[in-house]
file model_7.csv (CSV, C-alpha atoms)
chain,number,residue,atom,x,y,z
N,1,VAL,CA,25.2,-45.2,-21.1
N,2,LEU,CA,26.0,-42.8,-18.4
N,3,PRO,CA,29.0,-40.7,-17.3
N,4,THR,CA,31.3,-42.3,-14.8
N,5,PRO,CA,30.3,-39.9,-12.0
N,6,GLY,CA,26.7,-41.0,-12.5
N,7,ALA,CA,27.7,-44.5,-11.3
N,8,ALA,CA,29.3,-43.0,-8.2
N,9,LEU,CA,26.1,-41.0,-7.5
N,10,LEU,CA,23.7,-43.9,-8.1
N,11,THR,CA,25.7,-46.3,-6.1
N,12,ARG,CA,25.1,-44.2,-3.0
N,13,ARG,CA,21.5,-43.2,-4.0
N,14,HIS,CA,20.3,-46.8,-4.4
N,15,GLY,CA,22.5,-48.4,-1.7
N,16,PHE,CA,24.4,-50.7,-4.0
N,17,ASP,CA,27.5,-52.5,-2.8
N,18,LEU,CA,29.6,-52.0,-6.0
N,19,ALA,CA,29.5,-50.2,-9.3
N,20,ALA,CA,31.5,-51.2,-12.4
N,21,VAL,CA,32.0,-48.8,-15.3
N,22,VAL,CA,33.2,-50.1,-18.7
N,23,SER,CA,35.2,-47.3,-20.2
N,24,ALA,CA,38.3,-46.2,-22.0
N,25,SER,CA,38.1,-42.9,-20.2
N,26,HIS,CA,39.8,-40.3,-22.5
N,27,ASN,CA,41.5,-43.0,-24.6
N,28,PRO,CA,40.5,-44.9,-27.8
N,29,TYR,CA,37.8,-47.6,-27.5
N,30,ARG,CA,40.4,-50.4,-27.8
N,31,ASP,CA,41.7,-49.4,-24.4
N,32,ASN,CA,38.4,-50.2,-22.6
N,33,GLY,CA,38.8,-51.3,-19.1
N,34,ILE,CA,36.7,-51.4,-15.9
N,35,LYS,CA,36.5,-48.8,-13.1
N,36,PHE,CA,35.1,-50.1,-9.8
N,37,PHE,CA,33.3,-47.9,-7.2
N,38,GLY,CA,32.5,-49.0,-3.6
N,39,ALA,CA,29.3,-48.4,-1.7
N,40,ASP,CA,30.5,-44.9,-0.7
N,41,GLY,CA,30.8,-43.8,-4.3
N,42,THR,CA,34.6,-43.7,-4.3
N,43,LYS,CA,36.9,-45.8,-6.5
N,44,VAL,CA,37.9,-49.0,-4.7
N,45,PRO,CA,41.6,-49.1,-3.5
N,46,ASP,CA,44.2,-50.6,-5.8
N,47,ALA,CA,44.6,-53.7,-3.6
N,48,ARG,CA,40.9,-54.5,-3.9
N,49,GLU,CA,41.0,-54.0,-7.7
N,50,GLU,CA,43.9,-56.4,-7.8
N,51,ALA,CA,42.1,-59.0,-5.7
N,52,ILE,CA,39.1,-58.8,-8.1
N,53,GLU,CA,41.4,-59.2,-11.1
N,54,ALA,CA,43.0,-62.2,-9.5
N,55,LEU,CA,39.6,-63.8,-8.9
N,56,VAL,CA,38.7,-63.3,-12.5
N,57,GLU,CA,41.9,-64.7,-13.8
N,58,ARG,CA,41.7,-67.7,-11.6
N,59,GLY,CA,38.1,-68.3,-12.3
N,60,VAL,CA,35.2,-68.4,-9.8
N,61,ALA,CA,33.6,-71.7,-8.8
N,62,GLY,CA,30.3,-72.1,-10.6
N,63,SER,CA,30.9,-69.3,-13.0
N,64,GLU,CA,30.0,-71.6,-15.9
N,65,ARG,CA,26.4,-71.5,-14.7
N,66,GLY,CA,26.4,-67.7,-14.3
N,67,ILE,CA,26.4,-65.7,-11.1
N,68,GLY,CA,23.4,-63.6,-10.0
N,69,ARG,CA,21.1,-62.0,-12.5
N,70,ILE,CA,20.9,-59.0,-14.7
N,71,ARG,CA,18.1,-56.4,-14.3
N,72,ALA,CA,18.1,-53.0,-16.1
N,73,LEU,CA,18.1,-49.9,-13.9
N,74,HIS,CA,15.4,-47.9,-15.6
N,75,GLY,CA,15.6,-44.1,-15.2
N,76,ALA,CA,19.3,-44.0,-14.3
N,77,ASP,CA,19.9,-41.0,-16.6
N,78,ALA,CA,16.9,-39.3,-15.0
N,79,ASP,CA,18.3,-39.9,-11.6
N,80,TYR,CA,21.6,-38.4,-12.5
N,81,LEU,CA,20.0,-35.4,-14.2
N,82,ARG,CA,17.9,-34.8,-11.1
N,83,GLU,CA,21.0,-34.7,-8.9
N,84,LEU,CA,22.6,-32.1,-11.2
N,85,GLU,CA,19.4,-30.1,-11.1
N,86,LEU,CA,19.3,-30.1,-7.3
N,87,ARG,CA,22.9,-29.1,-7.1
N,88,PHE,CA,22.6,-26.2,-9.6
N,89,ALA,CA,19.0,-25.3,-8.8
N,90,ASP,CA,19.9,-21.6,-8.5
N,91,LEU,CA,21.9,-21.5,-11.8
N,92,ASP,CA,20.0,-19.6,-14.6
N,93,LEU,CA,21.6,-20.1,-18.0
N,94,GLY,CA,19.0,-18.1,-19.9
N,95,GLY,CA,20.6,-16.3,-22.8
N,96,ARG,CA,23.8,-18.3,-22.6
N,97,ARG,CA,24.9,-19.7,-26.0
N,98,VAL,CA,26.8,-22.9,-25.2
N,99,LEU,CA,28.7,-25.3,-27.5
N,100,LEU,CA,29.4,-28.8,-26.1
N,101,ASP,CA,31.8,-31.5,-27.4
N,102,CYS,CA,30.5,-34.8,-26.0
N,103,ALA,CA,33.4,-36.9,-27.5
N,104,HIS,CA,30.9,-39.5,-29.0
N,105,GLY,CA,30.9,-40.7,-25.4
N,106,ALA,CA,28.9,-41.1,-22.2
N,107,THR,CA,27.7,-37.4,-22.0
N,108,TYR,CA,26.0,-37.4,-25.4
N,109,ARG,CA,22.5,-37.4,-24.0
N,110,VAL,CA,22.7,-36.0,-20.5
N,111,ALA,CA,25.0,-33.0,-21.1
N,112,PRO,CA,22.9,-31.2,-23.7
N,113,GLU,CA,19.8,-32.0,-21.6
N,114,ILE,CA,20.9,-30.5,-18.3
N,115,PHE,CA,22.1,-27.3,-20.1
N,116,ARG,CA,18.8,-27.0,-21.8
N,117,ARG,CA,16.9,-27.6,-18.6
N,118,LEU,CA,18.9,-24.7,-17.0
N,119,GLY,CA,17.9,-22.4,-19.8
N,120,ALA,CA,20.9,-22.4,-22.1
N,121,ASP,CA,20.8,-22.2,-25.9
N,122,VAL,CA,22.8,-25.4,-26.6
N,123,GLU,CA,24.5,-26.9,-29.6
N,124,ALA,CA,26.3,-30.2,-29.2
N,125,LEU,CA,29.0,-31.9,-31.2
N,126,ALA,CA,30.2,-35.5,-31.3
N,127,VAL,CA,26.9,-36.9,-30.1
N,128,ASP,CA,26.7,-40.0,-32.3
N,129,PRO,CA,28.5,-42.8,-30.4
N,130,ASP,CA,28.9,-46.1,-32.2
N,131,GLY,CA,31.2,-47.8,-29.6
N,132,ARG,CA,34.3,-47.2,-31.7
N,133,ASN,CA,34.4,-43.5,-32.4
N,134,ILE,CA,34.7,-42.4,-28.7
N,135,ASN,CA,37.5,-39.8,-28.3
N,136,ASP,CA,38.4,-40.2,-32.0
N,137,GLY,CA,39.6,-36.7,-32.8
N,138,VAL,CA,37.1,-35.1,-30.5
N,139,GLY,CA,36.6,-34.4,-26.8
N,140,SER,CA,38.9,-32.9,-24.2
N,141,THR,CA,42.0,-34.5,-25.6
N,142,HIS,CA,41.3,-33.0,-29.0
N,143,VAL,CA,39.8,-29.7,-28.1
N,144,GLU,CA,41.1,-27.8,-31.1
N,145,ALA,CA,38.0,-28.2,-33.3
N,146,LEU,CA,35.7,-26.9,-30.5
N,147,ALA,CA,38.0,-23.9,-30.0
N,148,GLU,CA,37.8,-23.1,-33.7
N,149,ARG,CA,34.0,-23.3,-33.7
N,150,VAL,CA,33.6,-21.1,-30.6
N,151,ALA,CA,36.1,-18.5,-32.0
N,152,ALA,CA,34.2,-18.3,-35.2
N,153,GLY,CA,31.3,-16.7,-33.3
N,154,GLY,CA,27.8,-17.6,-32.3
N,155,HIS,CA,28.7,-19.1,-28.9
N,156,ASP,CA,29.6,-17.5,-25.5
N,157,VAL,CA,31.5,-20.5,-24.2
N,158,GLY,CA,32.4,-24.1,-25.1
N,159,PHE,CA,33.0,-27.2,-23.0
N,160,ALA,CA,34.7,-30.4,-24.1
N,161,PHE,CA,34.2,-33.6,-22.1
N,162,ASP,CA,36.2,-36.8,-22.4
N,163,GLY,CA,34.6,-40.1,-23.3
N,164,ASP,CA,33.4,-41.2,-19.9
N,165,GLY,CA,32.6,-37.7,-18.8
N,166,ASP,CA,34.8,-37.3,-15.7
N,167,ARG,CA,36.9,-34.5,-17.1
N,168,MET,CA,36.3,-31.2,-18.9
N,169,LEU,CA,38.2,-28.4,-20.6
N,170,ALA,CA,36.6,-25.0,-21.4
N,171,VAL,CA,37.0,-22.7,-24.3
N,172,ASP,CA,36.3,-18.9,-24.0
N,173,ARG,CA,34.6,-16.9,-26.8
N,174,ALA,CA,38.0,-16.0,-28.2
N,175,GLY,CA,38.8,-19.7,-28.7
N,176,THR,CA,41.3,-19.9,-25.9
N,177,VAL,CA,41.4,-23.2,-24.1
N,178,VAL,CA,41.0,-22.9,-20.3
N,179,ASP,CA,42.5,-25.8,-18.4
N,180,GLY,CA,41.7,-27.4,-15.1
N,181,ASP,CA,44.2,-25.1,-13.2
N,182,GLU,CA,42.3,-22.0,-14.1
N,183,LEU,CA,38.9,-23.6,-13.7
N,184,ILE,CA,39.7,-24.8,-10.2
N,185,ALA,CA,41.1,-21.4,-9.3
N,186,LEU,CA,37.9,-19.8,-10.5
N,187,ALA,CA,35.7,-22.2,-8.6
N,188,ALA,CA,37.8,-21.9,-5.4
N,189,LEU,CA,37.5,-18.1,-5.3
N,190,HIS,CA,33.8,-18.4,-6.0
N,191,LEU,CA,33.1,-21.0,-3.3
N,192,ARG,CA,35.3,-19.3,-0.8
N,193,ALA,CA,33.4,-16.0,-1.3
N,194,ALA,CA,30.1,-17.9,-0.9
N,195,GLY,CA,31.2,-19.6,2.3
N,196,ARG,CA,31.0,-23.0,0.6
N,197,LEU,CA,34.7,-24.0,0.6
N,198,PRO,CA,35.1,-26.3,3.6
N,199,GLY,CA,38.4,-25.8,5.3
N,200,ASP,CA,39.2,-22.9,3.0
N,201,GLY,CA,41.5,-25.4,1.1
N,202,VAL,CA,41.9,-27.0,-2.2
N,203,ALA,CA,43.8,-30.1,-3.4
N,204,VAL,CA,45.7,-30.2,-6.6
N,205,THR,CA,48.6,-32.3,-8.1
N,206,VAL,CA,52.3,-31.6,-8.6
N,207,MET,CA,51.5,-30.6,-12.2
N,208,THR,CA,49.4,-27.6,-11.2
N,209,ASN,CA,50.8,-24.3,-12.5
N,210,TYR,CA,52.8,-22.2,-10.1
N,211,GLY,CA,50.5,-19.3,-10.9
N,212,PHE,CA,47.7,-21.2,-9.2
N,213,HIS,CA,49.6,-21.4,-5.9
N,214,THR,CA,50.4,-17.7,-6.0
N,215,ALA,CA,46.7,-16.8,-6.6
N,216,MET,CA,45.5,-19.1,-3.8
N,217,ALA,CA,48.1,-17.7,-1.4
N,218,ASP,CA,47.0,-14.2,-2.2
N,219,ALA,CA,43.4,-15.2,-1.5
N,220,GLY,CA,44.2,-17.0,1.8
N,221,ILE,CA,43.3,-20.4,0.5
N,222,GLU,CA,45.4,-23.4,1.6
N,223,VAL,CA,46.7,-25.7,-1.1
N,224,ALA,CA,47.5,-29.4,-0.7
N,225,VAL,CA,49.6,-31.0,-3.3
N,226,THR,CA,49.3,-34.7,-4.3
N,227,PRO,CA,50.9,-37.0,-6.8
N,228,VAL,CA,49.3,-37.1,-10.3
N,229,GLY,CA,45.9,-38.8,-10.4
N,230,ASP,CA,42.4,-38.0,-9.4
N,231,ARG,CA,42.4,-40.9,-6.9
N,232,HIS,CA,45.2,-39.1,-4.9
N,233,VAL,CA,43.3,-35.8,-5.1
N,234,LEU,CA,40.1,-37.3,-3.7
N,235,ALA,CA,42.0,-39.2,-1.0
N,236,GLU,CA,43.5,-35.9,0.2
N,237,LEU,CA,40.1,-34.1,0.1
N,238,LEU,CA,38.5,-36.9,2.2
N,239,ARG,CA,41.5,-36.9,4.6
N,240,ARG,CA,41.2,-33.2,5.3
N,241,GLY,CA,37.4,-32.8,5.1
N,242,TRP,CA,37.7,-30.5,2.1
N,243,SER,CA,35.5,-30.6,-1.0
N,244,LEU,CA,37.3,-29.0,-4.0
N,245,GLY,CA,40.2,-30.3,-6.0
N,246,GLY,CA,41.4,-31.6,-9.3
N,247,GLU,CA,44.0,-31.7,-12.1
N,248,GLN,CA,45.3,-29.6,-14.9
N,249,SER,CA,43.8,-32.1,-17.3
N,250,GLY,CA,40.3,-31.2,-16.3
N,251,HIS,CA,39.4,-33.7,-13.6
N,252,ILE,CA,37.6,-31.4,-11.2
N,253,ILE,CA,36.0,-32.8,-8.0
N,254,GLU,CA,33.5,-31.2,-5.8
N,255,ALA,CA,33.3,-33.9,-3.2
N,256,GLY,CA,30.2,-32.5,-1.6
N,257,PHE,CA,28.3,-33.3,-4.8
N,258,VAL,CA,30.0,-36.5,-5.9
N,259,PRO,CA,33.3,-38.1,-4.8
N,260,SER,CA,34.5,-38.3,-8.4
N,261,GLY,CA,35.6,-36.0,-11.2
N,262,ASP,CA,32.4,-34.9,-13.0
N,263,GLY,CA,32.9,-33.0,-16.3
N,264,ILE,CA,29.3,-31.8,-16.6
N,265,ALA,CA,29.1,-30.6,-12.9
N,266,ALA,CA,32.5,-28.9,-13.4
N,267,ALA,CA,31.2,-27.0,-16.5
N,268,LEU,CA,28.1,-25.9,-14.5
N,269,LEU,CA,30.3,-24.9,-11.6
N,270,THR,CA,32.3,-22.8,-13.9
N,271,LEU,CA,29.2,-20.9,-15.1
N,272,GLU,CA,28.0,-20.6,-11.5
N,273,ALA,CA,31.4,-19.1,-10.6
N,274,LEU,CA,31.2,-16.6,-13.5
N,275,ALA,CA,27.8,-15.4,-12.2
N,276,GLY,CA,26.7,-14.2,-15.6
N,277,GLY,CA,30.2,-12.9,-16.5
N,278,ASP,CA,32.4,-13.8,-19.5
N,279,LEU,CA,34.9,-16.6,-19.3
N,280,ALA,CA,37.2,-14.5,-21.5
N,281,ASP,CA,37.4,-11.9,-18.7
N,282,ARG,CA,38.5,-14.4,-16.0
N,283,ALA,CA,41.1,-13.2,-13.6
N,284,ALA,CA,41.3,-16.0,-11.1
N,285,MET,CA,45.1,-16.6,-11.7
N,286,ARG,CA,48.0,-15.7,-13.9
N,287,LYS,CA,49.4,-18.7,-15.6
N,288,LEU,CA,53.2,-18.9,-15.8
N,289,PRO,CA,54.8,-20.1,-19.0
N,290,GLN,CA,55.4,-23.8,-18.8
N,291,THR,CA,57.7,-26.1,-20.7
N,292,LEU,CA,57.4,-29.9,-20.5
N,293,ILE,CA,59.9,-32.1,-22.2
N,294,ASN,CA,59.9,-35.9,-22.1
N,295,VAL,CA,63.5,-37.3,-22.1
N,296,ALA,CA,64.1,-40.9,-23.2
N,297,VAL,CA,66.3,-42.7,-20.7
N,298,ALA,CA,67.8,-46.2,-20.2
N,299,ASP,CA,66.4,-46.6,-16.7
N,300,ARG,CA,63.8,-44.1,-15.3
N,301,GLU,CA,64.2,-45.5,-11.8
N,302,ALA,CA,67.9,-44.3,-11.7
N,303,LEU,CA,66.8,-40.7,-11.5
N,304,ASP,CA,66.8,-40.5,-7.7
N,305,GLY,CA,70.4,-41.8,-7.5
N,306,ALA,CA,71.8,-39.5,-10.2
N,307,ALA,CA,73.6,-37.1,-8.0
N,308,ALA,CA,74.6,-34.7,-10.9
N,309,VAL,CA,71.0,-34.5,-12.0
N,310,GLN,CA,69.7,-33.9,-8.5
N,311,GLN,CA,72.3,-31.1,-8.0
N,312,ALA,CA,71.2,-29.5,-11.3
N,313,ILE,CA,67.5,-29.6,-10.1
N,314,ALA,CA,68.4,-28.1,-6.8
N,315,ARG,CA,70.4,-25.3,-8.4
N,316,GLU,CA,67.7,-24.4,-10.9
N,317,ALA,CA,64.9,-24.6,-8.2
N,318,GLU,CA,66.9,-22.3,-5.9
N,319,ALA,CA,67.3,-19.7,-8.8
N,320,LEU,CA,63.5,-19.8,-9.4
N,321,GLU,CA,62.4,-19.7,-5.8
N,322,GLY,CA,59.5,-17.4,-5.4
N,323,ARG,CA,59.2,-16.8,-9.1
N,324,GLY,CA,58.6,-20.3,-10.6
N,325,ARG,CA,59.5,-23.9,-10.2
N,326,VAL,CA,61.0,-27.1,-11.7
N,327,LEU,CA,59.7,-30.6,-11.5
N,328,VAL,CA,61.7,-33.6,-12.8
N,329,ARG,CA,60.0,-37.0,-12.3
N,330,PRO,CA,60.1,-40.4,-13.9
N,331,SER,CA,57.1,-41.5,-16.1
N,332,GLY,CA,54.9,-44.1,-14.4
N,333,THR,CA,54.7,-46.3,-17.5
N,334,GLU,CA,57.5,-45.5,-20.0
N,335,GLN,CA,61.3,-45.2,-19.9
N,336,LEU,CA,61.1,-41.4,-19.8
N,337,VAL,CA,62.0,-38.7,-17.4
N,338,ARG,CA,59.6,-35.7,-17.6
N,339,VAL,CA,61.2,-32.3,-17.2
N,340,MET,CA,58.8,-29.4,-16.4
N,341,VAL,CA,59.8,-25.8,-15.8
N,342,GLU,CA,57.6,-22.8,-15.0
N,343,ALA,CA,59.2,-19.3,-15.1
N,344,PRO,CA,58.1,-15.7,-15.5
N,345,ASP,CA,58.8,-15.6,-19.2
N,346,ASP,CA,59.2,-18.1,-22.1
N,347,GLY,CA,62.9,-17.4,-22.6
N,348,GLU,CA,63.9,-18.3,-19.0
N,349,CYS,CA,61.6,-21.2,-19.1
N,350,ALA,CA,63.2,-22.7,-22.2
N,351,ALA,CA,66.7,-22.0,-20.9
N,352,VAL,CA,66.2,-23.7,-17.6
N,353,ALA,CA,64.5,-26.7,-19.3
N,354,GLY,CA,67.3,-27.0,-21.7
N,355,ARG,CA,69.9,-27.2,-19.0
N,356,LEU,CA,68.0,-29.8,-17.1
N,357,VAL,CA,67.3,-31.9,-20.2
N,358,ALA,CA,71.0,-31.8,-21.0
N,359,ALA,CA,71.8,-33.0,-17.4
N,360,VAL,CA,69.3,-35.9,-17.7
N,361,GLU,CA,70.6,-37.0,-21.1
N,362,ARG,CA,74.2,-36.8,-20.0
N,363,GLU,CA,73.6,-38.9,-16.8
N,364,LEU,CA,70.7,-41.2,-17.7
N,365,GLY,CA,70.5,-41.3,-21.5

call {"tool": "encode", "arguments": {"input": "model_7.csv", "output": "structure tokens"}}
result
Amino acid sequence: VLPTPGAALLTRRHGFDLAAVVSASHNPYRDNGIKFFGADGTKVPDAREEAIEALVERGVAGSERGIGRIRALHGADADYLRELELRFADLDLGGRRVLLDCAHGATYRVAPEIFRRLGADVEALAVDPDGRNINDGVGSTHVEALAERVAAGGHDVGFAFDGDGDRMLAVDRAGTVVDGDELIALAALHLRAAGRLPGDGVAVTVMTNYGFHTAMADAGIEVAVTPVGDRHVLAELLRRGWSLGGEQSGHIIEAGFVPSGDGIAAALLTLEALAGGDLADRAAMRKLPQTLINVAVADREALDGAAAVQQAIAREAEALEGRGRVLVRPSGTEQLVRVMVEAPDDGECAAVAGRLVAAVERELG
């Protein structure tokens, strides 16, 4: 039992050809699937995954006899912990009171251990996985309980991981949830100041808050924007030779450490960036109010051809230029159109979203 980024790290360390992770990621156990990593530690391309799936469905000759052999890789968790210790060798967490939510998942042993090794006073929640309770009311998709515990006092900061440990959300001492946008901004400013931000750039997705872009522009940090998905973020980082990127949901990648989202490493990077300071005093960016509404439609693919909707989007985007933004896109899996608006205040945000939702419903509902 090891976080997903551990597989990416160990694949490279031991020279394996392939790694396979059985995981439901941030979902319930019944959604378990398989993640494949190639020899370079990155997720294999979609086409290769589909080819593997086709082989399995067709059946492989001789498979009734079994293929290969199974041998336990002893010390895998120690290897992963050693890599974390090497990366954060200069991080002293002495005196830090940290609360961790391990989602009854893959971080339940290694996350508390690395924080203790670095000197923190650690309390950990959701550390009793039984194979079925993963992400069940806990972890980064259910961060409310962690926020309440931190706000009640006794801890300086809290971190919530998802079930397979490749994403993380933070909670400051006031109980405020800090999402991936703010954490990436904090890390980017820190790494840039330390001369450790290759290319002086960062990659994020279309969902990233407009306030992030403003903060990075003010700091002279270039921002590349990708479609939603950590795979797209990583591809952009590798293409540009950059190292830092991620998503609002808490997937944070420092590619120089591991070419995968790593929730534990992201939490430690956050504390490194704070340099002994308080997360509640963060000032890396100012988040704009955001409204996201899912609109049920008959055909999500018809969005691009709906002239009236596209005109409405262009009109609202022009009115918000330099102050906010709009993003209207079809869901990748459901018959929904997602309408997102960011504006300087909640009232304008709601008004713009309302007009766009009405246009979508009128043309596509």

call {"tool": "atom_distance", "arguments": {"input": "model_7.csv", "atom1": "CA of Ala319 in chain N", "atom2": "CA of Glu182 in chain N"}}
result
25.7 Å

call {"tool": "residues_around", "arguments": {"input": "model_7.csv", "residues": "range 347-353 of chain N", "least_positions_apart": "4", "cutoff": "12 Å", "atoms": "all atoms listed in the file", "output": "PyMOL selection string"}}
result
chain N and resi 288-295+312-320+323-328+338-343+357-360

call {"tool": "closest_residue", "arguments": {"input": "model_7.csv", "among": "N:Asp164, N:Ala111, N:Ala298, N:Tyr210", "to": "Gly322 in chain N", "atoms": "all atoms listed in the file"}}
result
N:Tyr210

call {"tool": "residues_around", "arguments": {"input": "model_7.csv", "residues": "range 128-140 of chain N", "least_positions_apart": "3", "cutoff": "9 Å", "atoms": "all atoms listed in the file", "output": "PyMOL selection string"}}
result
chain N and resi 24-30+101-106+108+125+143-146+159-164+167-170+249-250

call {"tool": "closest_residue", "arguments": {"input": "model_7.csv", "among": "N:His74, N:Arg82, N:Arg300, N:Arg362", "to": "Gly332 in chain N", "atoms": "all atoms listed in the file"}}
result
N:Arg300

call {"tool": "residues_near_point", "arguments": {"input": "model_7.csv", "point": "(28.5, -11.5, -19.8)", "cutoff": "12 Å", "atoms": "all atoms listed in the file", "output": "PyMOL selection string"}}
result
chain N and resi 93-97+155-157+172-173+271+274-282

call {"tool": "closest_residue", "arguments": {"input": "model_7.csv", "among": "N:Asp181, N:Phe212, N:Leu99, N:Ala54", "to": "Gly154 in chain N", "atoms": "only C-alpha atoms"}}
result
N:Leu99

call {"tool": "closest_residue", "arguments": {"input": "model_7.csv", "among": "N:Leu189, N:Val22, N:Val337, N:Val98", "to": "Val150 in chain N", "atoms": "all atoms listed in the file"}}
result
N:Val98

call {"tool": "closest_residue", "arguments": {"input": "model_7.csv", "among": "N:Pro112, N:Pro3, N:Asp92, N:Arg117", "to": "Ala76 in chain N", "atoms": "all atoms listed in the file"}}
result
N:Pro3

call {"tool": "residues_around", "arguments": {"input": "model_7.csv", "residues": "Phe36 in chain N", "least_positions_apart": "2", "cutoff": "7 Å", "atoms": "all atoms listed in the file", "output": "short mmCIF file (atom, residue, chain, number, x, y, z; two decimals) with C-alpha atoms, in the frame of the given file"}}
result
data_model
loop_
_atom_site.label_atom_id
_atom_site.label_comp_id
_atom_site.auth_asym_id
_atom_site.auth_seq_id
_atom_site.Cartn_x
_atom_site.Cartn_y
_atom_site.Cartn_z
CA LEU N 18 29.60 -52.00 -6.00
CA ALA N 19 29.50 -50.20 -9.30
CA ALA N 20 31.50 -51.20 -12.40
CA VAL N 21 32.00 -48.80 -15.30
CA ILE N 34 36.70 -51.40 -15.90
CA GLY N 38 32.50 -49.00 -3.60
CA LYS N 43 36.90 -45.80 -6.50
CA VAL N 44 37.90 -49.00 -4.70
#

call {"tool": "residues_near_point", "arguments": {"input": "model_7.csv", "point": "(31.4, -17.9, -4.3)", "cutoff": "12 Å", "atoms": "all atoms listed in the file", "output": "list in words"}}
result
Ala185, Leu186, Ala187, Ala188, Leu189, His190, Leu191, Arg192, Ala193, Ala194, Gly195, Arg196, Leu197, Asp200, Leu269, Thr270, Leu271, Glu272, Ala273, Leu274 and Ala275 of chain N

call {"tool": "atom_distance", "arguments": {"input": "model_7.csv", "atom1": "CA of Val258 in chain N", "atom2": "CA of Val171 in chain N"}}
result
24.0 Å

call {"tool": "closest_residue", "arguments": {"input": "model_7.csv", "among": "N:Ala267, N:Leu100, N:Ala7, N:Ala72", "to": "Glu123 in chain N", "atoms": "all atoms listed in the file"}}
result
N:Leu100

call {"tool": "axis_aligned_box", "arguments": {"input": "model_7.csv", "around": "range 215-222 of chain N", "padding_each_side": "6 Å", "output": "lines of an AutoDock Vina configuration file"}}
result
center_x = 45.7
center_y = -18.8
center_z = -2.4
size_x = 16.8
size_y = 21.2
size_z = 20.4

call {"tool": "residues_around", "arguments": {"input": "model_7.csv", "residues": "Gly199 in chain N", "least_positions_apart": "4", "cutoff": "9 Å", "atoms": "all atoms listed in the file", "output": "PyMOL selection string"}}
result
chain N and resi 221-222+240-243

call {"tool": "decode", "arguments": {"input": "model_7.csv", "residues": "range 275-308 of chain N", "atoms": "C-alpha atoms", "output": "PDB file, in the first residue's frame"}}
result
ATOM      1  CA  ALA N 275       9.407  29.245   5.815  1.00  0.00           C
ATOM      2  CA  GLY N 276       8.042  29.011   9.336  1.00  0.00           C
ATOM      3  CA  GLY N 277       5.175  31.413   8.664  1.00  0.00           C
ATOM      4  CA  ASP N 278       1.451  30.881   9.158  1.00  0.00           C
ATOM      5  CA  LEU N 279      -0.700  29.626   6.292  1.00  0.00           C
ATOM      6  CA  ALA N 280      -3.472  31.925   7.559  1.00  0.00           C
ATOM      7  CA  ASP N 281      -1.229  34.894   6.697  1.00  0.00           C
ATOM      8  CA  ARG N 282      -0.674  33.784   3.083  1.00  0.00           C
ATOM      9  CA  ALA N 283      -0.710  36.546   0.507  1.00  0.00           C
ATOM     10  CA  ALA N 284       0.344  34.800  -2.686  1.00  0.00           C
ATOM     11  CA  MET N 285      -2.846  35.710  -4.576  1.00  0.00           C
ATOM     12  CA  ARG N 286      -6.275  37.245  -4.174  1.00  0.00           C
ATOM     13  CA  LYS N 287      -8.993  34.822  -5.231  1.00  0.00           C
ATOM     14  CA  LEU N 288     -11.837  36.279  -7.223  1.00  0.00           C
ATOM     15  CA  PRO N 289     -15.374  35.163  -6.343  1.00  0.00           C
ATOM     16  CA  GLN N 290     -16.286  32.206  -8.534  1.00  0.00           C
ATOM     17  CA  THR N 291     -19.655  30.763  -9.525  1.00  0.00           C
ATOM     18  CA  LEU N 292     -19.925  27.354 -11.191  1.00  0.00           C
ATOM     19  CA  ILE N 293     -23.303  26.088 -12.432  1.00  0.00           C
ATOM     20  CA  ASN N 294     -23.961  22.794 -14.207  1.00  0.00           C
ATOM     21  CA  VAL N 295     -26.737  23.112 -16.778  1.00  0.00           C
ATOM     22  CA  ALA N 296     -28.538  19.988 -18.015  1.00  0.00           C
ATOM     23  CA  VAL N 297     -28.766  19.949 -21.814  1.00  0.00           C
ATOM     24  CA  ALA N 298     -30.059  17.628 -24.530  1.00  0.00           C
ATOM     25  CA  ASP N 299     -26.735  17.518 -26.394  1.00  0.00           C
ATOM     26  CA  ARG N 300     -23.560  18.909 -24.843  1.00  0.00           C
ATOM     27  CA  GLU N 301     -21.730  18.653 -28.175  1.00  0.00           C
ATOM     28  CA  ALA N 302     -24.073  21.257 -29.656  1.00  0.00           C
ATOM     29  CA  LEU N 303     -22.489  24.029 -27.579  1.00  0.00           C
ATOM     30  CA  ASP N 304     -19.916  25.071 -30.184  1.00  0.00           C
ATOM     31  CA  GLY N 305     -22.585  25.459 -32.867  1.00  0.00           C
ATOM     32  CA  ALA N 306     -25.019  27.449 -30.716  1.00  0.00           C
ATOM     33  CA  ALA N 307     -24.444  30.925 -32.137  1.00  0.00           C
ATOM     34  CA  ALA N 308     -26.624  32.752 -29.603  1.00  0.00           C
TER      35      ALA N 308
END
